[in-house]
$ cat protein28.pdb   # PDB, C-alpha atoms
ATOM      1  CA  MET A   1      94.935  97.280  68.667
ATOM      2  CA  ILE A   2      97.341 100.246  68.649
ATOM      3  CA  THR A   3      97.698 102.317  65.497
ATOM      4  CA  ILE A   4     100.618 104.628  64.740
ATOM      5  CA  SER A   5     100.011 107.598  62.427
ATOM      6  CA  ASN A   6     102.607 110.031  61.127
ATOM      7  CA  ILE A   7     100.534 113.189  60.932
ATOM      8  CA  THR A   8     103.284 115.632  59.909
ATOM      9  CA  SER A   9     101.674 116.231  56.495
ATOM     10  CA  TRP A  10      98.175 116.706  57.926
ATOM     11  CA  ASN A  11      96.557 120.140  58.149
ATOM     12  CA  ILE A  12      96.980 121.765  61.565
ATOM     13  CA  LYS A  13      93.955 123.872  62.451
ATOM     14  CA  ASN A  14      95.202 125.541  65.622
ATOM     15  CA  TRP A  15      97.260 124.975  68.760
ATOM     16  CA  PHE A  16      95.585 125.720  72.072
ATOM     17  CA  GLN A  17      95.298 124.914  75.748
ATOM     18  CA  THR A  18      92.103 124.070  77.597
ATOM     19  CA  GLY A  19      91.806 123.588  81.351
ATOM     20  CA  GLY A  20      94.732 121.185  81.211
ATOM     21  CA  THR A  21      98.455 121.742  80.899
ATOM     22  CA  ARG A  22      99.407 119.818  77.780
ATOM     23  CA  GLU A  23      99.902 121.489  74.416
ATOM     24  CA  LYS A  24      97.233 120.346  71.976
ATOM     25  CA  CYS A  25      96.104 120.921  68.409
ATOM     26  CA  PHE A  26      93.248 120.120  66.087
ATOM     27  CA  ILE A  27      94.512 118.506  62.917
ATOM     28  CA  GLU A  28      92.682 117.396  59.777
ATOM     29  CA  ASN A  29      93.429 114.201  57.869
ATOM     30  CA  PRO A  30      93.584 115.403  54.216
ATOM     31  CA  GLU A  31      92.633 111.950  52.922
ATOM     32  CA  ASN A  32      89.203 111.797  54.553
ATOM     33  CA  GLY A  33      88.628 115.316  55.909
ATOM     34  CA  LYS A  34      88.164 113.998  59.453
ATOM     35  CA  LEU A  35      89.250 116.122  62.392
ATOM     36  CA  TYR A  36      91.590 114.712  65.031
ATOM     37  CA  PHE A  37      93.000 115.883  68.319
ATOM     38  CA  PHE A  38      96.755 115.593  69.021
ATOM     39  CA  LYS A  39      98.374 116.005  72.461
ATOM     40  CA  LYS A  40     101.961 115.909  73.670
ATOM     41  CA  SER A  41     103.192 115.046  77.135
ATOM     42  CA  ILE A  42     104.440 117.861  79.314
ATOM     43  CA  GLU A  43     108.184 117.839  79.958
ATOM     44  CA  LYS A  44     107.702 117.005  83.636
ATOM     45  CA  TYR A  45     105.786 113.790  82.850
ATOM     46  CA  PRO A  46     107.138 112.441  79.546
ATOM     47  CA  SER A  47     105.103 109.207  79.729
ATOM     48  CA  GLU A  48     101.759 111.003  80.133
ATOM     49  CA  PHE A  49     100.602 110.453  76.551
ATOM     50  CA  TRP A  50     101.178 106.716  77.065
ATOM     51  CA  SER A  51      98.958 106.860  80.156
ATOM     52  CA  GLU A  52      96.237 108.366  77.948
ATOM     53  CA  ILE A  53      96.567 105.582  75.374
ATOM     54  CA  ILE A  54      96.810 102.741  77.899
ATOM     55  CA  ALA A  55      93.847 104.079  79.899
ATOM     56  CA  SER A  56      91.805 104.204  76.693
ATOM     57  CA  LYS A  57      92.649 100.618  75.724
ATOM     58  CA  VAL A  58      92.255  99.202  79.254
ATOM     59  CA  GLY A  59      88.902 100.960  79.602
ATOM     60  CA  ARG A  60      87.664  99.352  76.401
ATOM     61  CA  ILE A  61      88.766  95.916  77.571
ATOM     62  CA  LEU A  62      86.827  96.434  80.823
ATOM     63  CA  GLY A  63      83.650  97.482  79.007
ATOM     64  CA  PHE A  64      83.670 101.275  79.433
ATOM     65  CA  ASN A  65      82.616 103.695  76.683
ATOM     66  CA  MET A  66      86.012 105.186  75.835
ATOM     67  CA  LEU A  67      87.311 107.684  73.326
ATOM     68  CA  ASP A  68      89.952 105.712  71.428
ATOM     69  CA  TYR A  69      93.499 107.121  71.698
ATOM     70  CA  ASN A  70      96.434 105.960  69.599
ATOM     71  CA  VAL A  71      99.966 107.077  68.731
ATOM     72  CA  GLY A  72     100.510 110.162  66.600
ATOM     73  CA  ILE A  73     103.857 111.499  65.349
ATOM     74  CA  LEU A  74     104.006 115.185  64.444
ATOM     75  CA  ASN A  75     107.298 116.704  63.283
ATOM     76  CA  ASN A  76     109.255 113.898  64.986
ATOM     77  CA  GLU A  77     107.405 114.406  68.286
ATOM     78  CA  VAL A  78     105.415 111.446  69.613
ATOM     79  CA  GLY A  79     102.071 111.994  71.322
ATOM     80  CA  CYS A  80      98.546 110.637  71.412
ATOM     81  CA  ILE A  81      95.836 111.204  68.842
ATOM     82  CA  CYS A  82      92.085 110.653  68.790
ATOM     83  CA  GLU A  83      89.312 111.375  66.336
ATOM     84  CA  SER A  84      87.008 114.268  67.235
ATOM     85  CA  MET A  85      84.022 113.150  69.309
ATOM     86  CA  ILE A  86      81.658 115.394  67.380
ATOM     87  CA  ASP A  87      80.637 116.299  63.861
ATOM     88  CA  GLN A  88      81.421 120.023  63.759
ATOM     89  CA  THR A  89      78.461 120.787  61.490
ATOM     90  CA  ASN A  90      75.567 119.598  63.641
ATOM     91  CA  GLU A  91      77.009 118.610  67.023
ATOM     92  CA  GLU A  92      78.545 120.362  69.978
ATOM     93  CA  LEU A  93      80.305 119.260  73.132
ATOM     94  CA  GLU A  94      79.292 120.907  76.403
ATOM     95  CA  PRO A  95      81.751 120.153  79.222
ATOM     96  CA  GLY A  96      80.533 119.600  82.757
ATOM     97  CA  ILE A  97      81.362 123.153  83.856
ATOM     98  CA  GLY A  98      78.702 124.476  81.465
ATOM     99  CA  LEU A  99      76.047 122.175  82.919
ATOM    100  CA  ILE A 100      77.002 123.074  86.481
ATOM    101  CA  LYS A 101      76.835 126.836  85.827
ATOM    102  CA  LYS A 102      73.287 126.475  84.482
ATOM    103  CA  CYS A 103      72.031 124.499  87.476
ATOM    104  CA  ILE A 104      73.787 126.246  90.371
ATOM    105  CA  PRO A 105      73.101 129.993  90.746
ATOM    106  CA  ASN A 106      76.173 132.136  91.454
ATOM    107  CA  PHE A 107      78.531 129.214  90.896
ATOM    108  CA  LYS A 108      82.056 130.616  91.149
ATOM    109  CA  VAL A 109      84.054 129.947  87.996
ATOM    110  CA  THR A 110      87.809 130.172  88.511
ATOM    111  CA  GLU A 111      90.758 128.838  86.543
ATOM    112  CA  ARG A 112      90.226 125.526  88.349
ATOM    113  CA  PRO A 113      86.793 125.650  90.023
ATOM    114  CA  ILE A 114      85.997 123.445  93.011
ATOM    115  CA  ILE A 115      83.677 120.664  91.861
ATOM    116  CA  LEU A 116      81.661 118.764  94.458
ATOM    117  CA  PHE A 117      79.886 115.516  93.708
ATOM    118  CA  LYS A 118      76.598 117.109  94.801
ATOM    119  CA  ASP A 119      77.173 119.846  92.176
ATOM    120  CA  VAL A 120      77.567 117.180  89.519
ATOM    121  CA  GLU A 121      74.318 115.553  90.674
ATOM    122  CA  LYS A 122      72.484 118.878  90.339
ATOM    123  CA  SER A 123      73.938 119.466  86.876
ATOM    124  CA  PHE A 124      72.257 116.275  85.680
ATOM    125  CA  LEU A 125      68.762 117.227  86.882
ATOM    126  CA  PRO A 126      67.683 117.893  83.256
ATOM    127  CA  TYR A 127      69.200 114.515  82.253
ATOM    128  CA  PRO A 128      68.705 112.262  85.319
ATOM    129  CA  HIS A 129      69.923 109.063  83.636
ATOM    130  CA  PHE A 130      73.350 110.627  82.992
ATOM    131  CA  ILE A 131      74.383 110.445  86.650
ATOM    132  CA  HIS A 132      74.862 106.701  86.107
ATOM    133  CA  LYS A 133      77.319 107.481  83.309
ATOM    134  CA  PHE A 134      79.236 109.726  85.682
ATOM    135  CA  ILE A 135      79.309 106.998  88.337
ATOM    136  CA  ASP A 136      80.922 104.772  85.700
ATOM    137  CA  ILE A 137      83.613 107.436  85.211
ATOM    138  CA  LEU A 138      84.335 107.451  88.954
ATOM    139  CA  ILE A 139      84.715 103.657  88.898
ATOM    140  CA  PHE A 140      87.038 103.840  85.908
ATOM    141  CA  ASP A 141      89.091 106.603  87.583
ATOM    142  CA  ALA A 142      89.488 104.366  90.649
ATOM    143  CA  ILE A 143      90.963 101.676  88.383
ATOM    144  CA  ILE A 144      93.542 103.961  86.743
ATOM    145  CA  GLY A 145      94.071 106.387  89.629
ATOM    146  CA  ASN A 146      93.071 109.441  87.593
ATOM    147  CA  GLN A 147      93.770 112.658  89.511
ATOM    148  CA  ASP A 148      92.444 115.167  86.975
ATOM    149  CA  ARG A 149      88.729 114.573  86.351
ATOM    150  CA  HIS A 150      87.991 118.285  86.473
ATOM    151  CA  SER A 151      84.848 119.848  85.057
ATOM    152  CA  GLU A 152      86.150 120.041  81.480
ATOM    153  CA  ASN A 153      87.052 116.350  81.407
ATOM    154  CA  TRP A 154      83.487 115.048  81.111
ATOM    155  CA  ALA A 155      80.712 116.311  78.877
ATOM    156  CA  ILE A 156      77.468 115.839  77.009
ATOM    157  CA  ILE A 157      77.074 115.889  73.227
ATOM    158  CA  ARG A 158      74.166 117.667  71.540
ATOM    159  CA  THR A 159      73.199 116.416  68.077
ATOM    160  CA  LEU A 160      70.769 118.265  65.828
ATOM    161  CA  ASP A 161      68.504 116.078  63.660
ATOM    162  CA  VAL A 162      69.178 118.042  60.459
ATOM    163  CA  GLU A 163      66.957 115.960  58.176
ATOM    164  CA  ASN A 164      63.976 116.345  60.495
ATOM    165  CA  LEU A 165      64.764 120.034  60.860
ATOM    166  CA  LYS A 166      64.880 120.451  57.089
ATOM    167  CA  THR A 167      61.437 118.931  56.467
ATOM    168  CA  ASN A 168      59.583 120.242  59.539
ATOM    169  CA  LYS A 169      56.654 122.573  58.735
ATOM    170  CA  ILE A 170      56.428 124.423  62.061
ATOM    171  CA  LYS A 171      57.027 128.151  61.533
ATOM    172  CA  TYR A 172      59.595 128.618  64.317
ATOM    173  CA  ILE A 173      61.541 125.573  63.217
ATOM    174  CA  ARG A 174      61.598 126.792  59.603
ATOM    175  CA  TRP A 175      63.013 130.100  60.867
ATOM    176  CA  PHE A 176      65.580 128.168  62.893
ATOM    177  CA  TYR A 177      66.641 126.104  59.882
ATOM    178  CA  LYS A 178      67.063 129.262  57.779
ATOM    179  CA  HIS A 179      69.510 130.715  60.315
ATOM    180  CA  TYR A 180      71.181 127.359  60.806
ATOM    181  CA  LYS A 181      72.059 127.294  57.093
ATOM    182  CA  LYS A 182      73.278 130.895  57.258
ATOM    183  CA  SER A 183      75.641 130.017  60.106
ATOM    184  CA  GLY A 184      77.502 127.653  57.809
ATOM    185  CA  LEU A 185      75.839 124.595  59.362
ATOM    186  CA  GLN A 186      77.580 125.195  62.679
ATOM    187  CA  LEU A 187      75.501 124.810  65.806
ATOM    188  CA  SER A 188      77.700 127.055  67.952
ATOM    189  CA  LYS A 189      77.183 130.149  65.726
ATOM    190  CA  LEU A 190      73.389 130.238  65.890
ATOM    191  CA  PRO A 191      71.583 133.387  67.071
ATOM    192  CA  PHE A 192      69.456 132.892  70.203
ATOM    193  CA  ARG A 193      71.116 129.496  70.492
ATOM    194  CA  ASN A 194      70.196 128.794  74.133
ATOM    195  CA  PHE A 195      66.528 129.383  73.435
ATOM    196  CA  PHE A 196      66.583 127.173  70.369
ATOM    197  CA  ILE A 197      68.608 124.423  71.992
ATOM    198  CA  LYS A 198      65.929 124.240  74.703
ATOM    199  CA  TYR A 199      63.178 124.309  72.067
ATOM    200  CA  MET A 200      64.860 121.708  69.855
ATOM    201  CA  THR A 201      65.375 119.423  72.851
ATOM    202  CA  GLU A 202      61.731 119.673  73.866
ATOM    203  CA  THR A 203      60.585 118.889  70.319
ATOM    204  CA  SER A 204      63.035 115.953  69.994
ATOM    205  CA  LEU A 205      64.979 117.659  67.227
ATOM    206  CA  MET A 206      68.020 117.825  69.476
ATOM    207  CA  ASN A 207      69.391 114.561  70.840
ATOM    208  CA  ILE A 208      71.493 114.665  74.008
ATOM    209  CA  ASN A 209      74.045 111.937  74.732
ATOM    210  CA  PHE A 210      76.793 111.482  77.276
ATOM    211  CA  SER A 211      80.268 111.678  75.799
ATOM    212  CA  PRO A 212      82.748 108.794  75.806
ATOM    213  CA  ILE A 213      85.328 108.918  78.605
ATOM    214  CA  TYR A 214      88.237 111.139  77.536
ATOM    215  CA  ASP A 215      91.268 112.992  78.949
ATOM    216  CA  SER A 216      92.488 110.316  81.354
ATOM    217  CA  GLY A 217      96.230 110.866  80.988
ATOM    218  CA  SER A 218      96.864 112.088  84.565
ATOM    219  CA  SER A 219      96.834 108.510  85.756
ATOM    220  CA  LEU A 220      98.697 105.200  86.008
ATOM    221  CA  ALA A 221     101.387 106.717  88.255
ATOM    222  CA  ARG A 222     102.744 108.843  85.422
ATOM    223  CA  GLU A 223     104.304 111.266  87.937
ATOM    224  CA  ILE A 224     106.645 108.662  89.459
ATOM    225  CA  PRO A 225     110.130 109.351  87.991
ATOM    226  CA  GLU A 226     112.109 106.567  86.386
ATOM    227  CA  ASP A 227     114.728 106.466  89.139
ATOM    228  CA  LYS A 228     112.046 105.719  91.769
ATOM    229  CA  ILE A 229     110.099 102.993  89.948
ATOM    230  CA  LEU A 230     112.259 100.093  91.114
ATOM    231  CA  GLU A 231     111.584 101.064  94.736
ATOM    232  CA  PHE A 232     107.860 100.596  94.095
ATOM    233  CA  LEU A 233     108.360  97.307  92.261
ATOM    234  CA  GLU A 234     110.431  95.906  95.105
ATOM    235  CA  ASN A 235     108.029  97.039  97.833
ATOM    236  CA  GLU A 236     104.329  96.282  97.289
ATOM    237  CA  ASN A 237     103.451  98.056 100.536
ATOM    238  CA  ARG A 238     104.754 101.257  99.011
ATOM    239  CA  MET A 239     102.453 100.738  96.029
ATOM    240  CA  VAL A 240      99.510 100.118  98.347
ATOM    241  CA  LYS A 241     100.286 103.309 100.272
ATOM    242  CA  TYR A 242     100.560 105.287  97.039
ATOM    243  CA  ILE A 243      97.121 104.023  95.948
ATOM    244  CA  LYS A 244      95.615 104.859  99.339
ATOM    245  CA  ASN A 245      97.024 108.403  99.166
ATOM    246  CA  GLY A 246      95.649 109.012  95.657
ATOM    247  CA  LYS A 247      92.785 111.525  95.529
ATOM    248  CA  SER A 248      89.874 112.119  93.178
ATOM    249  CA  GLU A 249      89.529 115.590  91.654
ATOM    250  CA  VAL A 250      85.772 115.367  92.324
ATOM    251  CA  LYS A 251      85.390 116.463  95.942
ATOM    252  CA  TRP A 252      83.121 115.409  98.788
ATOM    253  CA  ASP A 253      82.172 118.174 101.254
ATOM    254  CA  TYR A 254      84.939 120.388  99.857
ATOM    255  CA  SER A 255      87.590 117.740 100.583
ATOM    256  CA  LYS A 256      89.575 115.605  98.200
ATOM    257  CA  ILE A 257      89.221 111.951  99.148
ATOM    258  CA  ASN A 258      90.484 108.639  97.848
ATOM    259  CA  HIS A 259      88.766 107.239  94.733
ATOM    260  CA  PHE A 260      87.484 104.186  96.600
ATOM    261  CA  GLU A 261      86.210 106.290  99.504
ATOM    262  CA  LEU A 262      84.254 108.411  97.035
ATOM    263  CA  LEU A 263      82.634 105.271  95.617
ATOM    264  CA  LYS A 264      81.801 104.011  99.120
ATOM    265  CA  LYS A 265      80.044 107.283  99.930
ATOM    266  CA  ASN A 266      77.887 106.866  96.816
ATOM    267  CA  LYS A 267      77.193 103.168  97.275
ATOM    268  CA  ASN A 268      73.976 103.750  99.247
ATOM    269  CA  ASN A 269      72.578 106.242  96.724
ATOM    270  CA  TYR A 270      73.549 104.339  93.570
ATOM    271  CA  PRO A 271      73.838 100.692  94.666
ATOM    272  CA  ASP A 272      72.505  99.111  91.466
ATOM    273  CA  GLN A 273      74.742 101.102  89.096
ATOM    274  CA  ILE A 274      77.871 100.543  91.183
ATOM    275  CA  LYS A 275      77.134  96.834  91.595
ATOM    276  CA  LYS A 276      76.438  96.445  87.869
ATOM    277  CA  THR A 277      79.567  98.249  86.649
ATOM    278  CA  VAL A 278      81.957  96.802  89.234
ATOM    279  CA  GLY A 279      80.591  93.323  88.503
ATOM    280  CA  LYS A 280      81.204  93.853  84.778
ATOM    281  CA  VAL A 281      84.756  95.053  85.429
ATOM    282  CA  ILE A 282      85.592  92.035  87.617
ATOM    283  CA  GLU A 283      84.112  89.699  85.022
ATOM    284  CA  LYS A 284      86.025  91.236  82.114
ATOM    285  CA  TYR A 285      89.345  91.777  83.876
ATOM    286  CA  ASN A 286      92.009  89.404  82.597
ATOM    287  CA  PHE A 287      95.502  89.924  83.966
ATOM    288  CA  ASP A 288      97.232  88.272  80.998
ATOM    289  CA  GLN A 289      95.286  90.364  78.496
ATOM    290  CA  ILE A 290      96.169  93.628  80.258
ATOM    291  CA  LYS A 291      99.816  92.547  80.621
ATOM    292  CA  ASP A 292     100.060  91.654  76.932
ATOM    293  CA  LEU A 293      98.556  95.025  75.960
ATOM    294  CA  ILE A 294     101.015  97.034  78.063
ATOM    295  CA  ASP A 295     104.068  94.890  77.280
ATOM    296  CA  ASN A 296     103.501  95.433  73.553
ATOM    297  CA  ILE A 297     102.026  98.937  73.562
ATOM    298  CA  ASP A 298     105.089 100.503  71.889
ATOM    299  CA  VAL A 299     106.737  97.621  70.011
ATOM    300  CA  ASN A 300     105.962  99.109  66.598
ATOM    301  CA  ILE A 301     107.407 102.540  67.370
ATOM    302  CA  GLY A 302     110.361 103.163  65.056
ATOM    303  CA  ILE A 303     113.873 102.936  66.475
ATOM    304  CA  GLU A 304     114.363 106.659  65.808
ATOM    305  CA  TYR A 305     111.748 107.334  68.504
ATOM    306  CA  HIS A 306     113.224 104.961  71.087
ATOM    307  CA  LYS A 307     113.396 107.736  73.694
ATOM    308  CA  SER A 308     109.608 107.966  73.614
ATOM    309  CA  LYS A 309     109.123 104.298  74.481
ATOM    310  CA  LEU A 310     108.133 103.100  77.938
ATOM    311  CA  SER A 311     110.821 101.473  80.056
ATOM    312  CA  LEU A 312     110.387  97.821  81.059
ATOM    313  CA  HIS A 313     110.142  98.832  84.719
ATOM    314  CA  ARG A 314     107.436 101.422  84.034
ATOM    315  CA  LYS A 315     105.401  98.840  82.159
ATOM    316  CA  GLN A 316     105.747  96.423  85.062
ATOM    317  CA  MET A 317     104.690  99.138  87.497
ATOM    318  CA  ILE A 318     101.585 100.066  85.474
ATOM    319  CA  ILE A 319     100.546  96.418  85.228
ATOM    320  CA  LYS A 320     100.960  95.971  88.987
ATOM    321  CA  PHE A 321      99.090  99.171  89.816
ATOM    322  CA  ILE A 322      96.097  98.135  87.716
ATOM    323  CA  GLU A 323      96.144  94.681  89.329
ATOM    324  CA  LEU A 324      96.153  96.170  92.847
ATOM    325  CA  ARG A 325      93.450  98.700  92.027
ATOM    326  CA  ILE A 326      91.174  96.005  90.584
ATOM    327  CA  LYS A 327      91.791  94.004  93.762
ATOM    328  CA  ASN A 328      90.800  97.065  95.841
ATOM    329  CA  LEU A 329      87.678  97.556  93.746
ATOM    330  CA  LYS A 330      86.677  93.942  94.261
ATOM    331  CA  GLU A 331      87.346  93.877  98.019
ATOM    332  CA  GLU A 332      86.146  97.365  99.015
ATOM    333  CA  ILE A 333      83.327  98.046  96.551
ATOM    334  CA  GLY A 334      82.352  94.804  94.774
TER     335      GLY A 334
END

$ encode --input "protein28.pdb" --output "structure tokens"
Amino acid sequence: MITISNITSWNIKNWFQTGGTREKCFIENPENGKLYFFKKSIEKYPSEFWSEIIASKVGRILGFNMLDYNVGILNNEVGCICESMIDQTNEELEPGIGLIKKCIPNFKVTERPIILFKDVEKSFLPYPHFIHKFIDILIFDAIIGNQDRHSENWAIIRTLDVENLKTNKIKYIRWFYKHYKKSGLQLSKLPFRNFFIKYMTETSLMNINFSPIYDSGSSLAREIPEDKILEFLENENRMVKYIKNGKSEVKWDYSKINHFELLKKNKNNYPDQIKKTVGKVIEKYNFDQIKDLIDNIDVNIGIEYHKSKLSLHRKQMIIKFIELRIKNLKEEIG
């Protein structure tokens, strides 16, 4: 189900850029006070926001834990919108780069740091069961051909049990709650926060969960220009070659390799998780359901925004790419 929201009258909090390239803003729905996240496509890849939405919907169909993206219209510009993953008062999102820095001494942080799979494994040493969640992301990225799973595009979510905190009689926790209230009920503004996050985790007052899959817009062949799409549709071998040349942002031995090759290299270490998730994907995959989703993804967009719609050929290409990638997953990994 695709929803379309005109958010022009909503309250913009701030525009910003993270590790990505697209212009983004936080925006509050005045009717319910909920915070949302709005992103445009960059000029070079005008269909990128559609890739984000389609990836989100396809992932849900295939059984992945996805952040739900839909259509947002802000000042006559069409983009994608999603509800914030966290409650700003008692939750915080820590992207992968933060976890990696804590676990790997002298890790070099640059504008786009090199992330190795073995670094990701080390970052999950405090949360060993989360590596299976990351393996699921790699499988999903192989299905959509995501080329941008950098270290800010996966995360954990910390949630403070405020009610338990409020009634706890331990002296240190009472002190913590006092300062928590002073900070305006915002976890990120706490004094000595790293110490208390560790303490709260150990005393089960801080719950740690893996985030839904988000930021998957650099996928589904969004970089292929309109005037080249027909060449791919008329030549399946060209599509197959394109898929084979696609690389994962998560590196192996400092080299970028194909998504399916990355899964093969991890098959011996995580056989049960890969078998389980790939089996679920193959079971849930329904060509007609995916085709119907993509064919009708933009039918309710107003005629005044017709330039933002996907072309028929691009839809056909996306459908075919997903079909071929699922086939690869089944034959090479399943």

$ resolve_selection --input "protein28.pdb" --expression "the PyMOL selection byres ((chain A and resi 27) around 10)" --output "ChimeraX atom specification"
/A:7-15,24-26,28-30,33-38,81,83-84

$ closest_residue --input "protein28.pdb" --among "A:Cys80, A:Leu62, A:Leu67, A:Ile157" --to "Glu23 (chain A)" --atoms "all atoms listed in the file"
A:Cys80

$ resolve_selection --input "protein28.pdb" --expression "the PyMOL selection byres ((chain A and resi 210-222) around 6)" --output "number ranges by chain"
A: 48, 51-52, 65-67, 144-148, 153, 155-157, 209, 223-224, 318

$ resolve_selection --input "protein28.pdb" --expression "the PyMOL selection byres ((chain A and resi 281-284) around 8)" --output "ChimeraX atom specification"
/A:61-63,277-280,285-286,326,330

$ residues_around --input "protein28.pdb" --residues "Ile2 (chain A)" --least-positions-apart "3" --cutoff "9 Å" --atoms "all atoms listed in the file" --output "NGL selection string"
:A and (53 or 57 or 69-71 or 297-298 or 300)

$ closest_residue --input "protein28.pdb" --among "A:Tyr177, A:Phe287, A:Phe321, A:Phe260" --to "Met239 (chain A)" --atoms "all atoms listed in the file"
A:Phe321

$ decode --input "protein28.pdb" --residues "region 241-291 of chain A" --atoms "C-alpha atoms" --output "PDB file, in the first residue's frame"
ATOM      1  CA  LYS A 241      26.523  -8.376 -17.036  1.00  0.00           C
ATOM      2  CA  TYR A 242      25.336  -5.267 -15.202  1.00  0.00           C
ATOM      3  CA  ILE A 243      24.306  -7.402 -12.202  1.00  0.00           C
ATOM      4  CA  LYS A 244      27.635  -9.241 -12.229  1.00  0.00           C
ATOM      5  CA  ASN A 245      29.540  -5.932 -12.267  1.00  0.00           C
ATOM      6  CA  GLY A 246      27.552  -4.505  -9.337  1.00  0.00           C
ATOM      7  CA  LYS A 247      29.570  -4.150  -6.122  1.00  0.00           C
ATOM      8  CA  SER A 248      28.704  -4.090  -2.434  1.00  0.00           C
ATOM      9  CA  GLU A 249      29.859  -1.081  -0.409  1.00  0.00           C
ATOM     10  CA  VAL A 250      30.869  -3.503   2.370  1.00  0.00           C
ATOM     11  CA  LYS A 251      34.339  -4.690   1.375  1.00  0.00           C
ATOM     12  CA  TRP A 252      36.179  -7.989   1.668  1.00  0.00           C
ATOM     13  CA  ASP A 253      39.961  -7.732   2.174  1.00  0.00           C
ATOM     14  CA  TYR A 254      39.861  -4.063   1.155  1.00  0.00           C
ATOM     15  CA  SER A 255      38.239  -4.913  -2.194  1.00  0.00           C
ATOM     16  CA  LYS A 256      34.744  -4.232  -3.418  1.00  0.00           C
ATOM     17  CA  ILE A 257      33.163  -7.452  -4.650  1.00  0.00           C
ATOM     18  CA  ASN A 258      29.845  -8.501  -6.113  1.00  0.00           C
ATOM     19  CA  HIS A 259      26.921  -8.857  -3.678  1.00  0.00           C
ATOM     20  CA  PHE A 260      26.573 -12.580  -4.368  1.00  0.00           C
ATOM     21  CA  GLU A 261      30.314 -13.168  -3.987  1.00  0.00           C
ATOM     22  CA  LEU A 262      30.175 -11.482  -0.588  1.00  0.00           C
ATOM     23  CA  LEU A 263      27.381 -13.840   0.471  1.00  0.00           C
ATOM     24  CA  LYS A 264      29.329 -16.863  -0.801  1.00  0.00           C
ATOM     25  CA  LYS A 265      32.342 -15.860   1.288  1.00  0.00           C
ATOM     26  CA  ASN A 266      30.126 -15.751   4.387  1.00  0.00           C
ATOM     27  CA  LYS A 267      28.212 -18.938   3.649  1.00  0.00           C
ATOM     28  CA  ASN A 268      30.617 -21.149   5.625  1.00  0.00           C
ATOM     29  CA  ASN A 269      30.579 -18.887   8.693  1.00  0.00           C
ATOM     30  CA  TYR A 270      26.834 -18.191   8.740  1.00  0.00           C
ATOM     31  CA  PRO A 271      25.257 -21.145   6.903  1.00  0.00           C
ATOM     32  CA  ASP A 272      22.085 -21.389   9.001  1.00  0.00           C
ATOM     33  CA  GLN A 273      21.208 -17.677   8.800  1.00  0.00           C
ATOM     34  CA  ILE A 274      21.862 -17.472   5.060  1.00  0.00           C
ATOM     35  CA  LYS A 275      19.913 -20.667   4.376  1.00  0.00           C
ATOM     36  CA  LYS A 276      17.004 -19.486   6.536  1.00  0.00           C
ATOM     37  CA  THR A 277      16.710 -16.006   5.008  1.00  0.00           C
ATOM     38  CA  VAL A 278      17.293 -17.050   1.394  1.00  0.00           C
ATOM     39  CA  GLY A 279      14.748 -19.850   1.827  1.00  0.00           C
ATOM     40  CA  LYS A 280      12.204 -17.348   3.164  1.00  0.00           C
ATOM     41  CA  VAL A 281      12.843 -14.985   0.251  1.00  0.00           C
ATOM     42  CA  ILE A 282      12.390 -17.745  -2.352  1.00  0.00           C
ATOM     43  CA  GLU A 283       9.209 -18.892  -0.633  1.00  0.00           C
ATOM     44  CA  LYS A 284       7.696 -15.404  -0.454  1.00  0.00           C
ATOM     45  CA  TYR A 285       8.781 -14.168  -3.877  1.00  0.00           C
ATOM     46  CA  ASN A 286       5.837 -13.842  -6.243  1.00  0.00           C
ATOM     47  CA  PHE A 287       6.586 -12.339  -9.637  1.00  0.00           C
ATOM     48  CA  ASP A 288       3.009 -11.165 -10.237  1.00  0.00           C
ATOM     49  CA  GLN A 289       2.826  -9.477  -6.839  1.00  0.00           C
ATOM     50  CA  ILE A 290       6.085  -7.579  -7.399  1.00  0.00           C
ATOM     51  CA  LYS A 291       5.027  -6.635 -10.947  1.00  0.00           C
TER      52      LYS A 291
END
